[in-house]
file input-v1.cif (mmCIF, C-alpha atoms)
data_structure
#
loop_
_atom_site.label_atom_id
_atom_site.label_comp_id
_atom_site.auth_asym_id
_atom_site.auth_seq_id
_atom_site.Cartn_x
_atom_site.Cartn_y
_atom_site.Cartn_z
CA ASP A 8 -15.64 -31.71 -31.25
CA TYR A 9 -14.76 -35.42 -31.24
CA PRO A 10 -15.71 -36.80 -27.82
CA ARG A 11 -15.23 -40.43 -28.89
CA HIS A 12 -11.72 -39.89 -30.18
CA PRO A 13 -9.20 -42.04 -28.23
CA HIS A 14 -7.26 -38.93 -27.17
CA ALA A 15 -10.26 -36.75 -26.25
CA ALA A 16 -9.83 -37.24 -22.49
CA ASP A 17 -6.14 -36.35 -22.65
CA ALA A 18 -6.85 -33.31 -24.82
CA MET A 19 -9.50 -32.06 -22.41
CA LEU A 20 -7.11 -32.58 -19.49
CA GLN A 21 -4.43 -30.53 -21.28
CA ILE A 22 -6.95 -27.74 -21.98
CA ALA A 23 -7.82 -27.64 -18.28
CA LEU A 24 -4.14 -27.53 -17.31
CA ALA A 25 -3.43 -24.75 -19.81
CA THR A 26 -6.43 -22.75 -18.56
CA TRP A 27 -5.20 -23.12 -14.99
CA GLU A 28 -1.62 -22.18 -15.90
CA THR A 29 -2.74 -18.94 -17.58
CA GLY A 30 -3.80 -17.72 -14.14
CA GLY A 31 -0.16 -17.54 -13.07
CA TYR A 32 0.33 -21.06 -11.76
CA PRO A 33 3.52 -22.10 -13.59
CA GLU A 34 3.97 -25.07 -11.25
CA VAL A 35 1.07 -26.71 -13.08
CA PHE A 36 3.56 -27.46 -15.83
CA HIS A 37 6.35 -28.19 -13.34
CA TYR A 38 8.04 -24.84 -13.82
CA ILE A 39 9.12 -22.91 -10.73
CA LEU A 40 9.62 -19.17 -10.84
CA ALA A 41 11.22 -17.66 -7.78
CA PRO A 42 14.21 -15.54 -6.84
CA ARG A 43 17.27 -17.74 -6.32
CA ALA A 44 17.27 -17.08 -2.55
CA ASP A 45 13.63 -18.16 -2.21
CA ARG A 46 13.70 -21.05 -4.65
CA LYS A 47 14.32 -23.93 -2.24
CA GLY A 48 11.58 -22.72 0.11
CA ARG A 49 9.15 -22.38 -2.77
CA GLU A 50 10.03 -25.86 -4.06
CA THR A 51 9.52 -27.35 -0.59
CA TYR A 52 6.16 -25.61 -0.22
CA LEU A 53 4.93 -26.66 -3.67
CA ASP A 54 6.09 -30.25 -3.17
CA GLN A 55 2.92 -30.81 -1.13
CA TRP A 56 0.93 -30.84 -4.38
CA PHE A 57 3.24 -30.93 -7.38
CA VAL A 58 6.01 -33.23 -8.58
CA ILE A 59 8.63 -30.61 -9.31
CA ALA A 60 11.96 -32.39 -8.81
CA GLY A 61 14.23 -32.15 -11.81
CA PHE A 62 12.33 -29.43 -13.63
CA GLY A 63 13.76 -26.06 -14.52
CA GLY A 64 12.65 -22.66 -13.56
CA GLY A 65 13.52 -19.04 -13.67
CA ASP A 66 15.18 -16.76 -11.18
CA GLN A 67 12.46 -14.20 -11.01
CA PRO A 68 9.57 -13.34 -8.73
CA THR A 69 6.66 -15.74 -8.76
CA PRO A 70 3.97 -14.26 -11.01
CA PRO A 71 0.77 -13.16 -9.32
CA SER A 72 -1.85 -15.88 -9.36
CA ASP A 73 -5.42 -15.41 -10.47
CA PRO A 74 -7.84 -17.80 -8.74
CA LYS A 75 -10.48 -16.97 -11.36
CA GLN A 76 -8.46 -18.94 -13.90
CA ALA A 77 -8.28 -21.87 -11.50
CA ALA A 78 -12.04 -21.60 -11.08
CA ARG A 79 -12.41 -21.60 -14.89
CA ALA A 80 -10.29 -24.75 -15.14
CA LEU A 81 -12.22 -26.57 -12.42
CA PRO A 82 -15.34 -27.44 -14.48
CA ILE A 83 -13.11 -28.64 -17.33
CA PHE A 84 -11.40 -31.06 -14.94
CA GLN A 85 -14.80 -32.11 -13.60
CA ASN A 86 -16.01 -32.69 -17.16
CA VAL A 87 -13.07 -35.06 -17.74
CA LEU A 88 -14.16 -36.93 -14.61
CA THR A 89 -17.77 -37.33 -15.66
CA THR A 90 -17.21 -37.90 -19.38
CA TYR A 91 -14.18 -40.21 -19.21
CA PRO A 92 -14.29 -41.76 -15.71
CA SER A 93 -12.17 -44.83 -16.45
CA THR A 94 -9.23 -43.07 -18.10
CA ALA A 95 -5.85 -42.08 -16.71
CA ALA A 96 -6.86 -38.49 -17.51
CA ALA A 97 -9.77 -38.85 -15.07
CA ALA A 98 -7.40 -39.87 -12.29
CA MET A 99 -5.31 -36.75 -12.81
CA ALA A 100 -8.42 -34.59 -13.22
CA GLN A 101 -9.63 -35.81 -9.82
CA TYR A 102 -6.29 -34.99 -8.23
CA TRP A 103 -6.02 -31.55 -9.85
CA THR A 104 -9.60 -30.77 -8.80
CA ALA A 105 -8.56 -31.37 -5.18
CA VAL A 106 -5.42 -29.26 -5.62
CA ILE A 107 -7.39 -26.34 -7.06
CA PHE A 108 -9.79 -26.42 -4.12
CA ASP A 109 -6.87 -26.70 -1.68
CA TYR A 110 -4.02 -24.66 -3.16
CA CYS A 111 -5.79 -22.06 -5.32
CA LEU A 112 -9.22 -21.50 -3.80
CA SER A 113 -8.42 -22.30 -0.14
CA ASP A 114 -11.65 -24.31 0.02
CA LYS A 115 -10.54 -26.92 2.56
CA PRO A 116 -13.90 -28.75 2.89
CA HIS A 117 -14.16 -29.37 -0.86
CA ALA A 118 -10.45 -30.18 -1.07
CA LEU A 119 -10.76 -32.85 1.59
CA VAL A 120 -13.71 -34.49 -0.18
CA ALA A 121 -11.91 -34.39 -3.52
CA TYR A 122 -8.69 -35.84 -2.10
CA GLN A 123 -10.63 -38.63 -0.42
CA ALA A 124 -12.44 -39.42 -3.68
CA PHE A 125 -9.09 -39.51 -5.50
CA VAL A 126 -7.50 -41.85 -2.93
CA SER A 127 -10.43 -44.26 -2.94
CA ALA A 128 -10.85 -44.31 -6.73
CA HIS A 129 -7.17 -44.38 -7.73
CA PRO A 130 -5.10 -46.35 -5.19
CA ASP A 131 -2.34 -46.95 -7.73
CA ALA A 132 -1.76 -43.33 -8.83
CA THR A 133 1.72 -42.80 -7.47
CA PRO A 134 3.29 -40.39 -6.57
CA TYR A 135 0.09 -38.35 -6.34
CA LEU A 136 -1.49 -40.89 -4.00
CA GLU A 137 1.15 -40.15 -1.35
CA ARG A 138 0.68 -36.40 -1.78
CA ALA A 139 -3.10 -36.71 -1.52
CA THR A 140 -2.80 -38.88 1.60
CA LYS A 141 -0.47 -36.35 3.22
CA ARG A 142 -2.81 -33.47 2.36
CA ILE A 143 -5.78 -35.37 3.86
CA ALA A 144 -3.79 -35.80 7.07
CA ALA A 145 -2.80 -32.13 7.06
CA LEU A 146 -6.37 -30.98 6.46
CA ARG A 147 -7.56 -33.14 9.34
CA ALA A 148 -4.71 -32.16 11.68
CA PRO A 149 -5.84 -31.01 15.12
CA GLY A 150 -4.79 -27.50 15.98
CA ASP A 151 -4.53 -26.41 12.35
CA PRO A 152 -6.96 -23.47 11.99
CA SER A 153 -7.15 -24.03 8.22
CA ALA A 154 -7.89 -27.73 8.58
CA LEU A 155 -11.29 -29.30 8.46
CA ARG A 156 -12.06 -32.15 10.84
CA THR A 157 -14.73 -34.47 9.44
CA ASP A 158 -14.96 -36.54 12.62
CA GLN A 159 -16.38 -33.71 14.75
#
call {"tool": "encode", "arguments": {"input": "input-v1.cif", "output": "structure tokens"}}
result
Amino acid sequence: DYPRHPHAADAMLQIALATWETGGYPEVFHYILAPRADRKGRETYLDQWFVIAGFGGGDQPTPPSDPKQAARALPIFQNVLTTYPSTAAAAMAQYWTAVIFDYCLSDKPHALVAYQAFVSAHPDATPYLERATKRIAALRAPGDPSALRTDQ
């Protein structure tokens, strides 16, 4: 309602995150749900995308995820990017766009493009810059059937 408000970009980013989280992606808000025996493995796996160190979680099965909610959140993130391109919210929206393509939708070609756009536009966005750089390398890795090689 108030697109010129100083907190509009941040509010839109939080709406996108909340939309995404309702699809069963509790790691969006740094909350890990996994049985105690599987927790370390889940944390290690999710560390590719999310900064989860030091956050709590429950000892229960990971809830089922719904990629439709991630797909609903995607245009909200993209709207943050186009409407507020020079904000900190835009940097995170660019990163989360790449993560949704990669982690939720398994769309490796779009994920690679989005990660590359994030790295080139936001070279000071640590620790997400390191994660994006590692994911680019993983997506380009030879011999990885899920990877996309852009140099072929």
call {"tool": "resolve_selection", "arguments": {"input": "input-v1.cif", "expression": "the PyMOL selection byres ((chain A and resi 66) around 6)", "output": "ChimeraX atom specification"}}
result
/A:41-43,65,67
call {"tool": "residues_near_point", "arguments": {"input": "input-v1.cif", "point": "(-6.2, -41.5, -11.2)", "cutoff": "7 Å", "atoms": "all atoms listed in the file", "output": "MDAnalysis selection string"}}
result
chainID A and resid 95 97:99 101 125 129 132
call {"tool": "resolve_selection", "arguments": {"input": "input-v1.cif", "expression": "the PyMOL selection byres ((chain A and resi 29) around 12)", "output": "list of chain:residue names"}}
result
A:Ile22, A:Ala23, A:Leu24, A:Ala25, A:Thr26, A:Trp27, A:Glu28, A:Gly30, A:Gly31, A:Tyr32, A:Pro33, A:Glu34, A:Val35, A:Phe36, A:Pro70, A:Pro71, A:Ser72, A:Asp73, A:Pro74, A:Lys75, A:Gln76, A:Ala77, A:Ala78, A:Arg79, A:Ala80
call {"tool": "residues_near_point", "arguments": {"input": "input-v1.cif", "point": "(-13.7, -38.6, -26.8)", "cutoff": "12 Å", "atoms": "all atoms listed in the file", "output": "PDB file with C-alpha atoms, in the frame of the given file"}}
result
ATOM      1  CA  ASP A   8     -15.640 -31.710 -31.250  1.00  0.00           C
ATOM      2  CA  TYR A   9     -14.760 -35.420 -31.240  1.00  0.00           C
ATOM      3  CA  PRO A  10     -15.710 -36.800 -27.820  1.00  0.00           C
ATOM      4  CA  ARG A  11     -15.230 -40.430 -28.890  1.00  0.00           C
ATOM      5  CA  HIS A  12     -11.720 -39.890 -30.180  1.00  0.00           C
ATOM      6  CA  PRO A  13      -9.200 -42.040 -28.230  1.00  0.00           C
ATOM      7  CA  HIS A  14      -7.260 -38.930 -27.170  1.00  0.00           C
ATOM      8  CA  ALA A  15     -10.260 -36.750 -26.250  1.00  0.00           C
ATOM      9  CA  ALA A  16      -9.830 -37.240 -22.490  1.00  0.00           C
ATOM     10  CA  ASP A  17      -6.140 -36.350 -22.650  1.00  0.00           C
ATOM     11  CA  ALA A  18      -6.850 -33.310 -24.820  1.00  0.00           C
ATOM     12  CA  MET A  19      -9.500 -32.060 -22.410  1.00  0.00           C
ATOM     13  CA  LEU A  20      -7.110 -32.580 -19.490  1.00  0.00           C
ATOM     14  CA  ASN A  86     -16.010 -32.690 -17.160  1.00  0.00           C
ATOM     15  CA  VAL A  87     -13.070 -35.060 -17.740  1.00  0.00           C
ATOM     16  CA  THR A  89     -17.770 -37.330 -15.660  1.00  0.00           C
ATOM     17  CA  THR A  90     -17.210 -37.900 -19.380  1.00  0.00           C
ATOM     18  CA  TYR A  91     -14.180 -40.210 -19.210  1.00  0.00           C
ATOM     19  CA  PRO A  92     -14.290 -41.760 -15.710  1.00  0.00           C
ATOM     20  CA  THR A  94      -9.230 -43.070 -18.100  1.00  0.00           C
ATOM     21  CA  ALA A  96      -6.860 -38.490 -17.510  1.00  0.00           C
TER      22      ALA A  96
END
call {"tool": "resolve_selection", "arguments": {"input": "input-v1.cif", "expression": "the PyMOL selection byres ((chain A and resi 104) around 8)", "output": "VMD selection string"}}
result
chain A and resid 81 84 to 85 100 to 103 105 to 108 118 121
call {"tool": "atom_distance", "arguments": {"input": "input-v1.cif", "atom1": "CA of Arg142 (chain A)", "atom2": "CA of Leu119 (chain A)"}}
result
8.0 Å
call {"tool": "atom_distance", "arguments": {"input": "input-v1.cif", "atom1": "CA of Ala139 (chain A)", "atom2": "CA of Trp56 (chain A)"}}
result
7.7 Å
call {"tool": "atom_distance", "arguments": {"input": "input-v1.cif", "atom1": "CA of Thr140 (chain A)", "atom2": "CA of Val126 (chain A)"}}
result
7.2 Å
call {"tool": "build_atoms", "arguments": {"input": "input-v1.cif", "residues": "region 9-35 of chain A", "atoms": "N, CA and C atoms", "output": "PDB file, keeping the file's coordinate frame"}}
result
ATOM      1  N   TYR A   9     -14.792 -33.983 -30.992  1.00  0.00           N
ATOM      2  CA  TYR A   9     -14.760 -35.420 -31.240  1.00  0.00           C
ATOM      3  C   TYR A   9     -14.669 -36.172 -29.906  1.00  0.00           C
ATOM      4  N   PRO A  10     -15.774 -36.215 -29.164  1.00  0.00           N
ATOM      5  CA  PRO A  10     -15.710 -36.800 -27.820  1.00  0.00           C
ATOM      6  C   PRO A  10     -15.385 -38.289 -27.778  1.00  0.00           C
ATOM      7  N   ARG A  11     -15.540 -38.996 -28.878  1.00  0.00           N
ATOM      8  CA  ARG A  11     -15.230 -40.430 -28.890  1.00  0.00           C
ATOM      9  C   ARG A  11     -13.813 -40.737 -29.386  1.00  0.00           C
ATOM     10  N   HIS A  12     -13.091 -39.698 -29.722  1.00  0.00           N
ATOM     11  CA  HIS A  12     -11.720 -39.890 -30.180  1.00  0.00           C
ATOM     12  C   HIS A  12     -10.897 -40.480 -29.026  1.00  0.00           C
ATOM     13  N   PRO A  13      -9.970 -41.400 -29.309  1.00  0.00           N
ATOM     14  CA  PRO A  13      -9.200 -42.040 -28.230  1.00  0.00           C
ATOM     15  C   PRO A  13      -8.363 -41.069 -27.387  1.00  0.00           C
ATOM     16  N   HIS A  14      -8.070 -39.892 -27.919  1.00  0.00           N
ATOM     17  CA  HIS A  14      -7.260 -38.930 -27.170  1.00  0.00           C
ATOM     18  C   HIS A  14      -8.087 -37.765 -26.630  1.00  0.00           C
ATOM     19  N   ALA A  15      -9.403 -37.860 -26.690  1.00  0.00           N
ATOM     20  CA  ALA A  15     -10.260 -36.750 -26.250  1.00  0.00           C
ATOM     21  C   ALA A  15     -10.077 -36.449 -24.768  1.00  0.00           C
ATOM     22  N   ALA A  16      -9.993 -37.467 -23.937  1.00  0.00           N
ATOM     23  CA  ALA A  16      -9.830 -37.240 -22.490  1.00  0.00           C
ATOM     24  C   ALA A  16      -8.507 -36.535 -22.208  1.00  0.00           C
ATOM     25  N   ASP A  17      -7.442 -36.986 -22.849  1.00  0.00           N
ATOM     26  CA  ASP A  17      -6.140 -36.350 -22.650  1.00  0.00           C
ATOM     27  C   ASP A  17      -6.129 -34.913 -23.146  1.00  0.00           C
ATOM     28  N   ALA A  18      -6.785 -34.672 -24.280  1.00  0.00           N
ATOM     29  CA  ALA A  18      -6.850 -33.310 -24.820  1.00  0.00           C
ATOM     30  C   ALA A  18      -7.607 -32.392 -23.878  1.00  0.00           C
ATOM     31  N   MET A  19      -8.728 -32.874 -23.331  1.00  0.00           N
ATOM     32  CA  MET A  19      -9.500 -32.060 -22.410  1.00  0.00           C
ATOM     33  C   MET A  19      -8.702 -31.782 -21.132  1.00  0.00           C
ATOM     34  N   LEU A  20      -7.959 -32.769 -20.668  1.00  0.00           N
ATOM     35  CA  LEU A  20      -7.110 -32.580 -19.490  1.00  0.00           C
ATOM     36  C   LEU A  20      -6.060 -31.498 -19.767  1.00  0.00           C
ATOM     37  N   GLN A  21      -5.433 -31.529 -20.939  1.00  0.00           N
ATOM     38  CA  GLN A  21      -4.430 -30.530 -21.280  1.00  0.00           C
ATOM     39  C   GLN A  21      -5.039 -29.132 -21.411  1.00  0.00           C
ATOM     40  N   ILE A  22      -6.259 -29.042 -21.905  1.00  0.00           N
ATOM     41  CA  ILE A  22      -6.950 -27.740 -21.980  1.00  0.00           C
ATOM     42  C   ILE A  22      -7.181 -27.204 -20.578  1.00  0.00           C
ATOM     43  N   ALA A  23      -7.604 -28.070 -19.661  1.00  0.00           N
ATOM     44  CA  ALA A  23      -7.820 -27.640 -18.280  1.00  0.00           C
ATOM     45  C   ALA A  23      -6.508 -27.171 -17.644  1.00  0.00           C
ATOM     46  N   LEU A  24      -5.435 -27.921 -17.864  1.00  0.00           N
ATOM     47  CA  LEU A  24      -4.140 -27.530 -17.310  1.00  0.00           C
ATOM     48  C   LEU A  24      -3.671 -26.191 -17.886  1.00  0.00           C
ATOM     49  N   ALA A  25      -3.837 -26.006 -19.173  1.00  0.00           N
ATOM     50  CA  ALA A  25      -3.430 -24.750 -19.810  1.00  0.00           C
ATOM     51  C   ALA A  25      -4.265 -23.576 -19.294  1.00  0.00           C
ATOM     52  N   THR A  26      -5.551 -23.795 -19.101  1.00  0.00           N
ATOM     53  CA  THR A  26      -6.430 -22.750 -18.560  1.00  0.00           C
ATOM     54  C   THR A  26      -5.964 -22.363 -17.166  1.00  0.00           C
ATOM     55  N   TRP A  27      -5.673 -23.359 -16.357  1.00  0.00           N
ATOM     56  CA  TRP A  27      -5.200 -23.120 -14.990  1.00  0.00           C
ATOM     57  C   TRP A  27      -3.874 -22.368 -14.997  1.00  0.00           C
ATOM     58  N   GLU A  28      -2.950 -22.786 -15.846  1.00  0.00           N
ATOM     59  CA  GLU A  28      -1.620 -22.180 -15.900  1.00  0.00           C
ATOM     60  C   GLU A  28      -1.680 -20.714 -16.317  1.00  0.00           C
ATOM     61  N   THR A  29      -2.653 -20.334 -17.145  1.00  0.00           N
ATOM     62  CA  THR A  29      -2.740 -18.940 -17.580  1.00  0.00           C
ATOM     63  C   THR A  29      -3.065 -18.006 -16.427  1.00  0.00           C
ATOM     64  N   GLY A  30      -3.526 -18.544 -15.318  1.00  0.00           N
ATOM     65  CA  GLY A  30      -3.800 -17.720 -14.140  1.00  0.00           C
ATOM     66  C   GLY A  30      -2.569 -17.441 -13.311  1.00  0.00           C
ATOM     67  N   GLY A  31      -1.381 -17.819 -13.797  1.00  0.00           N
ATOM     68  CA  GLY A  31      -0.160 -17.540 -13.070  1.00  0.00           C
ATOM     69  C   GLY A  31       0.291 -18.680 -12.182  1.00  0.00           C
ATOM     70  N   TYR A  32      -0.083 -19.887 -12.533  1.00  0.00           N
ATOM     71  CA  TYR A  32       0.330 -21.060 -11.760  1.00  0.00           C
ATOM     72  C   TYR A  32       1.310 -21.878 -12.581  1.00  0.00           C
ATOM     73  N   PRO A  33       2.565 -21.402 -12.733  1.00  0.00           N
ATOM     74  CA  PRO A  33       3.520 -22.100 -13.590  1.00  0.00           C
ATOM     75  C   PRO A  33       3.873 -23.489 -13.082  1.00  0.00           C
ATOM     76  N   GLU A  34       3.668 -23.749 -11.781  1.00  0.00           N
ATOM     77  CA  GLU A  34       3.970 -25.070 -11.250  1.00  0.00           C
ATOM     78  C   GLU A  34       3.062 -26.146 -11.831  1.00  0.00           C
ATOM     79  N   VAL A  35       1.942 -25.754 -12.418  1.00  0.00           N
ATOM     80  CA  VAL A  35       1.070 -26.710 -13.080  1.00  0.00           C
ATOM     81  C   VAL A  35       1.846 -27.490 -14.134  1.00  0.00           C
TER      82      VAL A  35
END
